[in-house]
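Worksheet: the structure to be examined is printed underneath.
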Amino acid sequence: MAEAFDVVIIGGGPGGYVCAIRSAQLGFKTACVESGATLGGTCLNVGCIPSKNLLNLSENFNKAKKNFSGIGIEIKELTLNLPKMMKTKEKTVTILTKGIEFLFKKNKVTHIKGQASFKSNNEIIVQEKNSQKIYKANRTIISTGSAPTSLPGIKIDEKIIVSSTGALSFNKVPKELVIIGGGYIGLEMGSVWKRLGSNVTVIEFLDHIASGIDKDMSYEFLKILKKQEINFKLNSKVIGVSVTKDKAVVNYMSNETNARKKIEADKVLVAVGRKPYTKGLNLKKVSIKSDNQGRIQVDNKFQTSVKNIYAIGDVIGGPMLAHKAEEEGIAVAEIIAGQSGHVNYNTIPMVVYTSPEVASVGKTEQQLIEENIKYKIGKFPFMANPRAKVINETEGFVKILAEDKTDKVLGAHIIGPHAGDMIAEMALAMEFGASSEDIARTCHAHPTYSEAIKEAALAVDKRPIHS
Ligand SMILES: Cc1cc2nc3c(=O)[nH]c(=O)nc-3n(C[C@H](O)[C@H](O)[C@H](O)COP(=O)(O)OP(=O)(O)OC[C@H]3O[C@@H](n4cnc5c(N)ncnc54)[C@H](O)[C@@H]3O)c2cc1C
């Protein structure tokens, strides 16, 4: 007889594994089906974790190469051992993916290995190698994530033309790396390989990078990355990539002049976005509806067009971010348990882990203008922040947007050292409906980067102390 579960989650990424743990905590007999060799999904295996690990390792290398001698730390000979660096990255990934196995055992979540597909509304077939098993599921949560996309006519071979997955594992530093797409994945991977010695060129269709972030930040970000000698071809459309034996030629065209140009590259990273992944699930069998971009359609309780089947994470709409998937995983488990789980989409932070980091939460200035909301701005540069001066990381600023009449914080944008950690204060402030005055009157330790937040909040009322 088929084993029966209260809740079966398909996919063991941040959405799925977090949902499984919360579901088990709530007393449901829970299973999580994962087709990959390890738990953790894109994020732990080929996404957030290995990329942040390489960003950190390459930043250490870069600092040792460029900054240390200036501050009296002299290294006679500095060499890069790329295979060792890659091993370090793999070790980090293994520790974290094993950590989820441990959490599953601790919380009594059954880990089912194999590829899941729907047999009916409450039956899941799991195929592992040559064996097939059927499980009964009272509720099923689809959390199958996303996969990289490409441009028409450009085929990712993971050798010369790679996705982010290939770019996380080059076995030698490419001399010329061309990145198609100036979004956060392209910019993070570009930073890694630039620091390790590549000549990096980013080709971006729009006239700015990191689309979706506040324009002030985007301009500052571009300025800083250009100073780091990353090349940018903005407002340019890639029209084709041809591959010879071990090289590629990227053909692109200016959107303004239609002039055609080309660049030769050892590797081409296609970083133009990701698409929801539902291959092999047999969604038609259970009549689950997706939109024209392949995102599974859900209501505000994450319920699909089928009553007992839910979906969360990258496979539905919204920002493709691990913490968004995790929040949805917790919320849907609580909703199924009759609690009032919910996700506040207005306070989901976004971070780019370049150097310096870029982070934001809430509305951008452009969105406030579009929505006809009257606002005040407070800005404070890290140049005037004592901690930033001590560490000599003075690039960037904090920008706070508050509603004109009520002073309620509507958005916060930080480009600067540790921006990714600092944005948590602003997300929390917004969750509590704080005003900029609340932040300005909160004592911040000295000397910390976070004092720049307090000063930006004071600047909303035109009374910063240190600028
Ligand atoms: C290079 C890179 C860097 C990133 N960096 C960040 C970052 O710094 N911060 C951040 O928030 N986000 C980051 N992301 C995005 C983040 O990885 C995703 O948003 C997140 O992993 C989505 O979680 P998920 O659970 O929805 O899906 P996934 O993590 O994609 O997990 C889905 C899982 O489902 C499994 N699966 C699919 N189909 C089946 C099936 N039929 N049966 C069984 N299992 C199945 C897959 O094997 C996979 O393990 C990054 C992504 C990339 C590519």
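Order determines the names: the first chain of the structure tokens is A, the second B, and so forth; residues in each chain are numbered 1 upward, and ligands are numbered 1 upward as they are shown.
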With DSSP run on the backbone, what are the strand (DSSP E) residues within range 80-186 of chain A? I'd like them as a PDB file with C-alpha atoms, in the first residue's frame.
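For reference, states.pdb as written:
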```
ATOM      1  CA  THR A 110      10.976  12.096   5.573  1.00  0.00           C
ATOM      2  CA  HIS A 111      13.444  12.817   2.779  1.00  0.00           C
ATOM      3  CA  ILE A 112      12.336  11.004  -0.382  1.00  0.00           C
ATOM      4  CA  LYS A 113      14.954  10.886  -3.117  1.00  0.00           C
ATOM      5  CA  GLN A 115      11.814  12.890  -9.344  1.00  0.00           C
ATOM      6  CA  ALA A 116       8.189  13.582  -8.391  1.00  0.00           C
ATOM      7  CA  SER A 117       5.229  13.780 -10.728  1.00  0.00           C
ATOM      8  CA  PHE A 118       1.485  13.897 -10.193  1.00  0.00           C
ATOM      9  CA  LYS A 119      -0.569  10.723 -10.677  1.00  0.00           C
ATOM     10  CA  SER A 120      -3.683  12.374  -9.318  1.00  0.00           C
ATOM     11  CA  GLU A 123      -0.998  10.721  -5.390  1.00  0.00           C
ATOM     12  CA  ILE A 124       2.634  11.420  -6.233  1.00  0.00           C
ATOM     13  CA  ILE A 125       4.827   9.123  -8.271  1.00  0.00           C
ATOM     14  CA  VAL A 126       8.504   9.238  -7.338  1.00  0.00           C
ATOM     15  CA  GLN A 127      10.984   7.853  -9.817  1.00  0.00           C
ATOM     16  CA  GLU A 128      14.476   7.100  -8.594  1.00  0.00           C
ATOM     17  CA  SER A 131      12.444   2.168  -9.272  1.00  0.00           C
ATOM     18  CA  GLN A 132       9.108   3.866  -8.951  1.00  0.00           C
ATOM     19  CA  LYS A 133       7.012   4.401  -5.820  1.00  0.00           C
ATOM     20  CA  ILE A 134       3.661   6.009  -5.236  1.00  0.00           C
ATOM     21  CA  TYR A 135       2.907   8.125  -2.171  1.00  0.00           C
ATOM     22  CA  LYS A 136      -0.411   9.492  -0.958  1.00  0.00           C
ATOM     23  CA  ALA A 137      -0.518  13.156  -0.042  1.00  0.00           C
ATOM     24  CA  ASN A 138      -3.364  14.937   1.678  1.00  0.00           C
ATOM     25  CA  ARG A 139      -1.784  18.267   0.648  1.00  0.00           C
ATOM     26  CA  THR A 140       1.045  18.811  -1.813  1.00  0.00           C
ATOM     27  CA  ILE A 141       3.254  21.866  -2.045  1.00  0.00           C
ATOM     28  CA  ILE A 142       5.122  22.461  -5.281  1.00  0.00           C
ATOM     29  CA  SER A 146      13.589  27.874 -11.406  1.00  0.00           C
ATOM     30  CA  ALA A 147      16.208  27.278 -14.104  1.00  0.00           C
ATOM     31  CA  PRO A 148      18.405  29.679 -16.093  1.00  0.00           C
ATOM     32  CA  ILE A 161      28.679  29.611 -23.163  1.00  0.00           C
ATOM     33  CA  VAL A 162      27.722  29.103 -19.545  1.00  0.00           C
ATOM     34  CA  GLU A 176      38.174  37.509 -21.511  1.00  0.00           C
ATOM     35  CA  LEU A 177      34.793  37.001 -19.872  1.00  0.00           C
ATOM     36  CA  VAL A 178      31.723  38.490 -21.491  1.00  0.00           C
ATOM     37  CA  ILE A 179      28.569  38.627 -19.400  1.00  0.00           C
ATOM     38  CA  ILE A 180      25.217  39.041 -21.096  1.00  0.00           C
TER      39      ILE A 180
END
```
Exercise: range 347-353 of chain A partners within 6 Å, only C-alpha atoms, chain neighbours under 5 positions left out, as an MDAnalysis selection string: chainID A and resid 184 358:362 420 427
Could you dump the residues just selected with N, CA and C atoms as a PDB file, in the first residue's frame?
```pdb
ATOM      1  N   TYR A 184      21.788  41.189 -10.936  1.00  0.00           N
ATOM      2  CA  TYR A 184      22.651  40.911  -9.794  1.00  0.00           C
ATOM      3  C   TYR A 184      23.523  39.674  -9.980  1.00  0.00           C
ATOM      4  N   VAL A 358      25.032  46.207  -2.197  1.00  0.00           N
ATOM      5  CA  VAL A 358      23.889  47.061  -2.540  1.00  0.00           C
ATOM      6  C   VAL A 358      22.655  46.396  -1.939  1.00  0.00           C
ATOM      7  N   ALA A 359      21.849  47.156  -1.204  1.00  0.00           N
ATOM      8  CA  ALA A 359      20.687  46.525  -0.566  1.00  0.00           C
ATOM      9  C   ALA A 359      19.514  47.486  -0.556  1.00  0.00           C
ATOM     10  N   SER A 360      18.325  46.942  -0.697  1.00  0.00           N
ATOM     11  CA  SER A 360      17.171  47.829  -0.608  1.00  0.00           C
ATOM     12  C   SER A 360      15.954  47.094  -0.107  1.00  0.00           C
ATOM     13  N   VAL A 361      15.025  47.870   0.410  1.00  0.00           N
ATOM     14  CA  VAL A 361      13.741  47.322   0.857  1.00  0.00           C
ATOM     15  C   VAL A 361      12.687  48.398   0.622  1.00  0.00           C
ATOM     16  N   GLY A 362      11.508  47.957   0.227  1.00  0.00           N
ATOM     17  CA  GLY A 362      10.402  48.899   0.026  1.00  0.00           C
ATOM     18  C   GLY A 362      10.477  49.597  -1.322  1.00  0.00           C
ATOM     19  N   GLY A 420      24.121  44.666   3.069  1.00  0.00           N
ATOM     20  CA  GLY A 420      23.229  43.503   3.137  1.00  0.00           C
ATOM     21  C   GLY A 420      22.793  43.168   4.546  1.00  0.00           C
ATOM     22  N   ALA A 427      14.197  46.870   7.221  1.00  0.00           N
ATOM     23  CA  ALA A 427      13.065  45.970   6.982  1.00  0.00           C
ATOM     24  C   ALA A 427      12.236  45.845   8.260  1.00  0.00           C
TER      25      ALA A 427
END
```
Residues of range 97-126 of chain A in helix (DSSP H, G or I), written as JSON, numbers by chain: {"A": [97, 98, 99, 100, 101, 102, 103, 104, 105, 106, 107]}
7 Å shell around ligand 1 using only C-alpha atoms and all ligand atoms, listed as JSON, numbers by chain: {"A": [10, 11, 12, 13, 14, 15, 16, 33, 34, 35, 36, 39, 40, 41, 42, 43, 46, 47, 48, 51, 52, 114, 115, 116, 117, 143, 144, 145, 146, 164, 165, 185, 277, 278, 279, 280, 281, 312, 313, 314, 315, 320, 321, 322, 323, 325, 351, 352, 353]}
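By chain and then residue number, the residues within 12 Å of Pro464 in chain A are Gly378, Lys379, Phe380, Pro381, Ala384, Asn385, Glu437, Ala440, Arg441, Glu451, Ala452, Ile453, Lys454, Glu455, Ala456, Ala457, Leu458, Ala459, Val460, Asp461 and Ser467 of chain A, counting only C-alpha atoms and disregarding those fewer than 3 positions away in sequence.
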Enumerate, in order of chain and increasing residue number, the residues of range 189-238 of chain A with an atom no farther than 12 Å from range 242-260 of chain A, each with its shortest atom pair and distance in Å to one decimal, counting only C-alpha atoms, as a tab-separated table.
```
residue	atom	partner	partner_atom	distance
A:Thr201	CA	A:Val250	CA	10.8
A:Val202	CA	A:Val250	CA	11.3
A:Ile203	CA	A:Tyr252	CA	8.3
A:Glu204	CA	A:Tyr252	CA	10.0
A:Phe205	CA	A:Asn255	CA	7.8
A:Leu206	CA	A:Asn255	CA	8.8
A:Asp207	CA	A:Asn255	CA	9.3
A:Lys233	CA	A:Ser254	CA	8.5
A:Leu234	CA	A:Ser254	CA	8.2
A:Asn235	CA	A:Asn255	CA	5.4
A:Ser236	CA	A:Ser254	CA	4.5
A:Lys237	CA	A:Met253	CA	5.2
A:Val238	CA	A:Tyr252	CA	4.1
```
Test item: residues at most 7 Å from range 402-418 of chain A, only C-alpha atoms, excluding those fewer than 4 positions along its chain, as JSON, numbers by chain: {"A": [217, 356, 357, 358, 359, 360, 361, 362, 363, 364, 374, 375, 376, 377, 382, 393, 395, 396, 397, 398, 422, 426, 430, 433, 434, 435, 436]}
Phe104 in chain A environment, 9 Å, only C-alpha atoms, sequence neighbours closer than 4 positions dropped, as a list in words: Tyr17, Ala20, Ile21, Gly99, Ile100, Lys108, Val109, Thr110 and His111 of chain A
Requested write-out: all heavy atoms of the selected residues, as a PDB file, in the first residue's frame:
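The resulting file, selection.pdb, is reproduced below:
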```pdb
ATOM      1  N   TYR A  17      12.437  23.084   1.722  1.00  0.00           N
ATOM      2  CA  TYR A  17      12.941  22.484   2.970  1.00  0.00           C
ATOM      3  C   TYR A  17      12.454  23.240   4.194  1.00  0.00           C
ATOM      4  O   TYR A  17      12.155  22.639   5.230  1.00  0.00           O
ATOM      5  CB  TYR A  17      14.471  22.289   2.939  1.00  0.00           C
ATOM      6  CG  TYR A  17      15.330  23.439   3.394  1.00  0.00           C
ATOM      7  CD1 TYR A  17      15.448  23.765   4.745  1.00  0.00           C
ATOM      8  CD2 TYR A  17      16.055  24.195   2.486  1.00  0.00           C
ATOM      9  CE1 TYR A  17      16.246  24.819   5.160  1.00  0.00           C
ATOM     10  CE2 TYR A  17      16.856  25.239   2.888  1.00  0.00           C
ATOM     11  CZ  TYR A  17      16.945  25.554   4.241  1.00  0.00           C
ATOM     12  OH  TYR A  17      17.726  26.600   4.650  1.00  0.00           O
ATOM     13  N   ALA A  20       8.959  22.203   4.795  1.00  0.00           N
ATOM     14  CA  ALA A  20       8.903  20.856   5.363  1.00  0.00           C
ATOM     15  C   ALA A  20       9.152  20.901   6.871  1.00  0.00           C
ATOM     16  O   ALA A  20       8.429  20.263   7.651  1.00  0.00           O
ATOM     17  CB  ALA A  20       9.933  19.966   4.676  1.00  0.00           C
ATOM     18  N   ILE A  21      10.154  21.679   7.273  1.00  0.00           N
ATOM     19  CA  ILE A  21      10.470  21.756   8.713  1.00  0.00           C
ATOM     20  C   ILE A  21       9.308  22.391   9.481  1.00  0.00           C
ATOM     21  O   ILE A  21       8.864  21.880  10.510  1.00  0.00           O
ATOM     22  CB  ILE A  21      11.793  22.533   8.933  1.00  0.00           C
ATOM     23  CG1 ILE A  21      12.962  21.702   8.381  1.00  0.00           C
ATOM     24  CG2 ILE A  21      12.006  22.854  10.409  1.00  0.00           C
ATOM     25  CD1 ILE A  21      14.294  22.426   8.327  1.00  0.00           C
ATOM     26  N   GLY A  99      23.727  19.939   6.523  1.00  0.00           N
ATOM     27  CA  GLY A  99      23.011  20.564   7.633  1.00  0.00           C
ATOM     28  C   GLY A  99      21.495  20.410   7.482  1.00  0.00           C
ATOM     29  O   GLY A  99      20.778  20.224   8.468  1.00  0.00           O
ATOM     30  N   ILE A 100      21.026  20.468   6.250  1.00  0.00           N
ATOM     31  CA  ILE A 100      19.573  20.317   6.048  1.00  0.00           C
ATOM     32  C   ILE A 100      19.146  18.868   6.306  1.00  0.00           C
ATOM     33  O   ILE A 100      18.098  18.621   6.906  1.00  0.00           O
ATOM     34  CB  ILE A 100      19.143  20.780   4.644  1.00  0.00           C
ATOM     35  CG1 ILE A 100      19.551  22.234   4.465  1.00  0.00           C
ATOM     36  CG2 ILE A 100      17.632  20.654   4.463  1.00  0.00           C
ATOM     37  CD1 ILE A 100      19.309  22.753   3.091  1.00  0.00           C
ATOM     38  N   LYS A 108      11.979  15.148  12.071  1.00  0.00           N
ATOM     39  CA  LYS A 108      11.223  13.980  11.582  1.00  0.00           C
ATOM     40  C   LYS A 108      10.524  14.247  10.239  1.00  0.00           C
ATOM     41  O   LYS A 108       9.358  13.897  10.024  1.00  0.00           O
ATOM     42  CB  LYS A 108      10.215  13.503  12.633  1.00  0.00           C
ATOM     43  CG  LYS A 108      10.904  13.077  13.924  1.00  0.00           C
ATOM     44  CD  LYS A 108       9.975  12.359  14.872  1.00  0.00           C
ATOM     45  CE  LYS A 108      10.701  11.802  16.070  1.00  0.00           C
ATOM     46  NZ  LYS A 108      11.557  12.737  16.797  1.00  0.00           N
ATOM     47  N   VAL A 109      11.258  14.888   9.347  1.00  0.00           N
ATOM     48  CA  VAL A 109      10.774  15.053   7.972  1.00  0.00           C
ATOM     49  C   VAL A 109      11.335  13.882   7.169  1.00  0.00           C
ATOM     50  O   VAL A 109      12.536  13.604   7.244  1.00  0.00           O
ATOM     51  CB  VAL A 109      11.295  16.380   7.349  1.00  0.00           C
ATOM     52  CG1 VAL A 109      10.939  16.467   5.864  1.00  0.00           C
ATOM     53  CG2 VAL A 109      10.759  17.585   8.108  1.00  0.00           C
ATOM     54  N   THR A 110      10.489  13.196   6.419  1.00  0.00           N
ATOM     55  CA  THR A 110      10.976  12.096   5.573  1.00  0.00           C
ATOM     56  C   THR A 110      11.543  12.675   4.277  1.00  0.00           C
ATOM     57  O   THR A 110      10.848  13.396   3.557  1.00  0.00           O
ATOM     58  CB  THR A 110       9.823  11.119   5.249  1.00  0.00           C
ATOM     59  OG1 THR A 110       9.287  10.665   6.487  1.00  0.00           O
ATOM     60  CG2 THR A 110      10.301   9.939   4.423  1.00  0.00           C
ATOM     61  N   HIS A 111      12.804  12.337   4.013  1.00  0.00           N
ATOM     62  CA  HIS A 111      13.444  12.817   2.779  1.00  0.00           C
ATOM     63  C   HIS A 111      13.304  11.720   1.730  1.00  0.00           C
ATOM     64  O   HIS A 111      13.888  10.647   1.863  1.00  0.00           O
ATOM     65  CB  HIS A 111      14.923  13.118   3.079  1.00  0.00           C
ATOM     66  CG  HIS A 111      15.735  13.470   1.883  1.00  0.00           C
ATOM     67  ND1 HIS A 111      17.103  13.539   1.906  1.00  0.00           N
ATOM     68  CD2 HIS A 111      15.389  13.779   0.602  1.00  0.00           C
ATOM     69  CE1 HIS A 111      17.563  13.873   0.721  1.00  0.00           C
ATOM     70  NE2 HIS A 111      16.539  14.009  -0.101  1.00  0.00           N
TER      71      HIS A 111
END
```
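With distances restricted to only C-alpha atoms, A:Leu187 is the closest residue to Lys226 in chain A from A:Ile9, A:Leu44, A:Ala4, A:Leu187.
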Point-to-point distance from CA of Asp291 in chain A to CA of Pro276 in chain A, Å rounded to tenths: 10.5 Å
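Using only C-alpha atoms, the residues found no farther than 7 Å from range 295-304 of chain A, other than those of its own chain fewer than 4 positions away, are Pro276, Ile288, Lys289, Ser290, Asp291, Ile309, Tyr310, Ala311, Ile312, Val315, Ile316, Gly317, Val332 and Ile335 of chain A.
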